[in-house]
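The block underneath contains the structure these notes are about, expressed in structure tokens.
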Amino acid sequence: MVHKIRKRKPRCGGKKLFKELENKFTLYDLKLGRDAFFDILRANNLLIRKRKKRINTTMSFHWLRKYPNLIENCEAITPNQLWVSDITYVETALEVTYLSLITDAYSRKIVGWHLSSNLKAEGSIKALNMALTKEKPKGKLIHHSDRGIQYCSNAYVKILNKKNIKISMTQSGNPKENAIAERVNGILKDEWLNDLVLNDLHDARKKIKNIIKIYNTERLHSSIEYLTPEQAHKRNGKIKRQWKTYYKKREVCSV
């Protein structure tokens, strides 16, 4: 059963495997607690090891205007209230490419993405336009990112201002200031991308499209009651959070 799940989610962790399989154990007359399940994974070399990233994708030393952090110590309580953005690298056989992602902070759903051959702002703009086209946010929305030149560029800021979207940015290099976006990057790379053979940019785009579909519709998240991001996105404010330590206090994100 573990091998079957990992054909589509190659680096699905032990906790999520147990949550996904526990209702099926009775079909095989198996009585397994979580500790015993982890013992089986360990004995069969099926535990997942984390990797470290190596390429810096943030260029924050520039003259363009930088914006304050509007979301420190606050939470999103509905979909399309707070979007978090980031860029990560993806290696192919021919070149290093760059994946721009926009994630809904409430549901963890990836609402926009684009894979580029360079770090120019166009890739991030295409991810933003995808998110705006698909989601069509109607209420007040905050866009949060690091202080990279892509997000500070005139073209990117112009789109946000035109849509009356408030701009929020990290104030330091601490990844906790953009923790949800960093976490989503890590999930895609650790559970899929680092083990894939990608021939070129076209091949990578095709495979990443499928990966994001699986992430949004099949991968369970402990922080959203072990729902998928798509399921959480449809709950619209009816999720009990499993809060992490980087939240010192809980305030509603507001504009």
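Letters A, B, ... go to the chains of the structure tokens in the order shown; residues in each chain start at 1; ligands are counted from 1 in the same order.
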- Just list the residues in stretch 115-175 of chain A DSSP gives strand (DSSP E or B) on the backbone, as a list in words. Leu115, Ser116, Ile142, His143, His144, Ser145, Lys166, Ile167, Ser168 and Met169 of chain A
Keeping N, CA and C atoms for every residue in the selection just given, could you write it to a file as a PDB file, in the first residue's frame?
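Wrote it out as result_14.pdb, contents follow:
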ATOM      1  N   LEU A 115       7.080  28.188 -14.653  1.00  0.00           N
ATOM      2  CA  LEU A 115       8.470  27.739 -14.683  1.00  0.00           C
ATOM      3  C   LEU A 115       9.205  28.495 -15.788  1.00  0.00           C
ATOM      4  N   SER A 116      10.308  29.154 -15.424  1.00  0.00           N
ATOM      5  CA  SER A 116      11.068  29.988 -16.359  1.00  0.00           C
ATOM      6  C   SER A 116      12.508  29.509 -16.465  1.00  0.00           C
ATOM      7  N   ILE A 142      -4.154  40.344   0.629  1.00  0.00           N
ATOM      8  CA  ILE A 142      -2.762  40.733   0.854  1.00  0.00           C
ATOM      9  C   ILE A 142      -1.855  39.790   0.065  1.00  0.00           C
ATOM     10  N   HIS A 143      -0.886  40.353  -0.625  1.00  0.00           N
ATOM     11  CA  HIS A 143       0.129  39.568  -1.323  1.00  0.00           C
ATOM     12  C   HIS A 143       1.432  39.704  -0.544  1.00  0.00           C
ATOM     13  N   HIS A 144       1.978  38.580  -0.070  1.00  0.00           N
ATOM     14  CA  HIS A 144       3.190  38.587   0.746  1.00  0.00           C
ATOM     15  C   HIS A 144       4.304  37.843   0.021  1.00  0.00           C
ATOM     16  N   SER A 145       5.512  38.397   0.108  1.00  0.00           N
ATOM     17  CA  SER A 145       6.659  37.791  -0.562  1.00  0.00           C
ATOM     18  C   SER A 145       7.939  38.214   0.147  1.00  0.00           C
ATOM     19  N   LYS A 166      -3.097  44.620  -1.335  1.00  0.00           N
ATOM     20  CA  LYS A 166      -2.084  45.181  -0.452  1.00  0.00           C
ATOM     21  C   LYS A 166      -0.773  44.406  -0.581  1.00  0.00           C
ATOM     22  N   ILE A 167       0.341  45.111  -0.500  1.00  0.00           N
ATOM     23  CA  ILE A 167       1.653  44.504  -0.692  1.00  0.00           C
ATOM     24  C   ILE A 167       2.368  44.366   0.648  1.00  0.00           C
ATOM     25  N   SER A 168       2.805  43.155   0.943  1.00  0.00           N
ATOM     26  CA  SER A 168       3.529  42.856   2.176  1.00  0.00           C
ATOM     27  C   SER A 168       4.824  42.135   1.828  1.00  0.00           C
ATOM     28  N   MET A 169       5.897  42.458   2.546  1.00  0.00           N
ATOM     29  CA  MET A 169       7.182  41.814   2.274  1.00  0.00           C
ATOM     30  C   MET A 169       7.917  41.494   3.567  1.00  0.00           C
TER      31      MET A 169
END
Each residue of stretch 8-85 of chain A lying at most 12 Å from stretch 202-219 of chain A should get a row with its shortest atom-to-atom pair and the distance in Å to one decimal, counting only C-alpha atoms; could you produce that, ordered by chain and increasing number, as CSV?
residue,atom,partner,partner_atom,distance
A:Arg8,CA,A:Ile214,CA,7.6
A:Lys9,CA,A:Arg219,CA,7.7
A:Pro10,CA,A:Ile211,CA,10.6
A:Arg11,CA,A:Arg219,CA,10.7
A:Cys12,CA,A:Arg219,CA,8.1
A:Gly13,CA,A:Arg219,CA,10.4
A:Lys15,CA,A:Arg219,CA,11.8
A:Lys16,CA,A:Arg219,CA,8.3
A:Leu17,CA,A:Arg219,CA,9.9
A:Lys19,CA,A:Arg219,CA,11.1
A:Glu20,CA,A:Arg219,CA,9.5
Dump of N, CA and C atoms for the selected residues, as a short mmCIF file (atom, residue, chain, number, x, y, z; two decimals), in the first residue's frame:
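Below is the file selection33.cif, written as the result:
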data_model
loop_
_atom_site.label_atom_id
_atom_site.label_comp_id
_atom_site.auth_asym_id
_atom_site.auth_seq_id
_atom_site.Cartn_x
_atom_site.Cartn_y
_atom_site.Cartn_z
N ARG A 8 2.64 7.94 -6.90
CA ARG A 8 2.15 9.28 -7.25
C ARG A 8 2.71 10.35 -6.33
N LYS A 9 3.03 10.00 -5.10
CA LYS A 9 3.59 10.94 -4.12
C LYS A 9 4.87 10.33 -3.56
N PRO A 10 5.96 10.39 -4.31
CA PRO A 10 7.16 9.60 -3.99
C PRO A 10 7.76 9.83 -2.61
N ARG A 11 7.61 11.02 -2.06
CA ARG A 11 8.22 11.29 -0.76
C ARG A 11 7.16 11.65 0.28
N CYS A 12 6.03 11.02 0.18
CA CYS A 12 4.98 11.19 1.18
C CYS A 12 5.48 10.67 2.52
N GLY A 13 5.43 11.51 3.55
CA GLY A 13 6.00 11.18 4.85
C GLY A 13 5.18 10.19 5.65
N LYS A 15 3.75 10.23 8.70
CA LYS A 15 2.51 10.66 9.35
C LYS A 15 1.35 10.68 8.38
N LYS A 16 1.59 11.22 7.18
CA LYS A 16 0.52 11.30 6.19
C LYS A 16 0.19 9.92 5.63
N LEU A 17 1.20 9.06 5.49
CA LEU A 17 0.93 7.68 5.06
C LEU A 17 0.02 6.97 6.07
N LYS A 19 -2.05 8.32 8.24
CA LYS A 19 -3.38 8.91 8.21
C LYS A 19 -4.18 8.41 7.01
N GLU A 20 -3.52 8.26 5.89
CA GLU A 20 -4.18 7.84 4.67
C GLU A 20 -4.53 6.35 4.68
#
- Near-A:Met130 list (8 Å; only C-alpha atoms; drop same-chain fewer than 6 positions) as a PyMOL selection string: chain A and resi 111-113
Given the selection you just returned, output its residues as a file containing C-alpha atoms, formatted as an mmCIF file, in the first residue's frame.
data_model
loop_
_atom_site.group_PDB
_atom_site.id
_atom_site.type_symbol
_atom_site.label_atom_id
_atom_site.label_comp_id
_atom_site.auth_asym_id
_atom_site.auth_seq_id
_atom_site.Cartn_x
_atom_site.Cartn_y
_atom_site.Cartn_z
ATOM 1 C CA VAL A 111 -3.223 29.078 -7.024
ATOM 2 C CA GLY A 112 -0.598 30.235 -9.528
ATOM 3 C CA TRP A 113 2.715 29.016 -10.908
#
Which residues of stretch 65-159 of chain A have any atom within 9 Å of an atom in stretch 194-197 of chain A when counting only C-alpha atoms, and what is the closest pair of atoms for each, with the distance in Å to one decimal? Order the rows by chain and rising number and write it as a tab-separated table.
residue	atom	partner	partner_atom	distance
A:Val90	CA	A:Asn194	CA	8.2
A:Glu91	CA	A:Asn194	CA	8.4
A:Thr92	CA	A:Val197	CA	7.1
A:Ala93	CA	A:Val197	CA	7.6
- Message: From the options A:Gln171, A:Glu177, A:Leu101, A:Tyr89, which residue's atoms come nearest to A:Cys74, counting only C-alpha atoms?
- Response: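 Looking only at the distances to A:Cys74, the closest residue turns out to be A:Glu177.
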- Would you mind telling me which residue in A:Leu141, A:Leu94, A:Val2, A:Ile102 lies nearest to A:Asn44 when using only C-alpha atoms?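 Result for the nearest residue to A:Asn44: A:Val2.
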- Task: as an MDAnalysis selection string, list the residues of stretch 108-192 of chain A assigned to alpha helix (DSSP H) by DSSP on the backbone atoms of this structure.
- Result: chainID A and resid 121:135 149:152 154:162 179:191
Written selection (C-alpha atoms) as a JSON list (two decimals), in the first residue's frame:
[["chain", "number", "residue", "atom", "x", "y", "z"],
["A", 121, "ALA", "CA", 10.15, 39.21, -13.32],
["A", 122, "GLU", "CA", 8.14, 37.82, -16.23],
["A", 123, "GLY", "CA", 7.92, 34.37, -14.63],
["A", 124, "SER", "CA", 6.53, 35.73, -11.37],
["A", 125, "ILE", "CA", 4.10, 37.94, -13.29],
["A", 126, "LYS", "CA", 2.76, 34.95, -15.22],
["A", 127, "ALA", "CA", 2.24, 33.06, -11.94],
["A", 128, "LEU", "CA", 0.40, 36.07, -10.52],
["A", 129, "ASN", "CA", -1.81, 36.43, -13.59],
["A", 130, "MET", "CA", -2.68, 32.73, -13.41],
["A", 131, "ALA", "CA", -3.75, 33.11, -9.78],
["A", 132, "LEU", "CA", -5.86, 36.20, -10.55],
["A", 133, "THR", "CA", -7.51, 34.54, -13.54],
["A", 134, "LYS", "CA", -8.34, 31.30, -11.72],
["A", 135, "GLU", "CA", -9.37, 32.67, -8.34],
["A", 149, "ILE", "CA", 13.65, 42.20, -7.29],
["A", 150, "GLN", "CA", 10.91, 40.29, -9.12],
["A", 151, "TYR", "CA", 8.26, 41.26, -6.55],
["A", 152, "CYS", "CA", 9.51, 44.85, -6.25],
["A", 154, "ASN", "CA", 7.38, 48.13, -11.43],
["A", 155, "ALA", "CA", 5.45, 45.69, -13.62],
["A", 156, "TYR", "CA", 4.62, 43.35, -10.73],
["A", 157, "VAL", "CA", 3.67, 46.13, -8.32],
["A", 158, "LYS", "CA", 1.51, 47.77, -11.00],
["A", 159, "ILE", "CA", -0.66, 44.65, -11.29],
["A", 160, "LEU", "CA", -1.12, 44.42, -7.51],
["A", 161, "ASN", "CA", -2.04, 48.10, -7.26],
["A", 162, "LYS", "CA", -4.47, 47.85, -10.16],
["A", 179, "ALA", "CA", 7.19, 30.26, 6.23],
["A", 180, "ILE", "CA", 4.18, 28.92, 4.32],
["A", 181, "ALA", "CA", 5.70, 29.71, 0.92],
["A", 182, "GLU", "CA", 9.03, 28.19, 1.98],
["A", 183, "ARG", "CA", 7.24, 25.10, 3.23],
["A", 184, "VAL", "CA", 5.37, 24.58, -0.05],
["A", 185, "ASN", "CA", 8.63, 24.94, -1.99],
["A", 186, "GLY", "CA", 10.19, 22.31, 0.24],
["A", 187, "ILE", "CA", 7.29, 19.90, -0.17],
["A", 188, "LEU", "CA", 7.39, 20.02, -3.97],
["A", 189, "LYS", "CA", 11.15, 19.53, -4.07],
["A", 190, "ASP", "CA", 11.53, 16.96, -1.30],
["A", 191, "GLU", "CA", 8.55, 14.82, -2.26]]
- Work out how far atom CA of A:Asp86 is from atom CA of A:Gly237, in Å to one decimal.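 Rounded to one decimal, the two atoms are 24.2 Å apart.
Atom pair atom CA of A:Lys136 / atom CA of A:Thr78: separated by 14.4 Å.
What separates atom CA of A:Ser222 from atom CA of A:Arg235 is a distance of 15.4 Å.
Between A:Leu21 and the residues A:Ile40, A:Leu119, A:Met1, A:Leu220, the shortest atom-to-atom distance, using only C-alpha atoms, involves A:Met1.
In this comparison, which uses only C-alpha atoms, the residue of A:Lys163, A:Lys109, A:Arg34, A:Arg42 approaching A:Ala232 most closely is A:Lys109.
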- Counting only C-alpha atoms, which of A:Ala43, A:Lys4, A:Ile165, A:Ala36 gets nearest to A:Leu82?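 Closest candidate: A:Ile165.
Counting only C-alpha atoms and comparing A:His3, A:Leu70, A:Arg65, A:Leu198, the residue that lies closest to A:Asn45 is A:His3.
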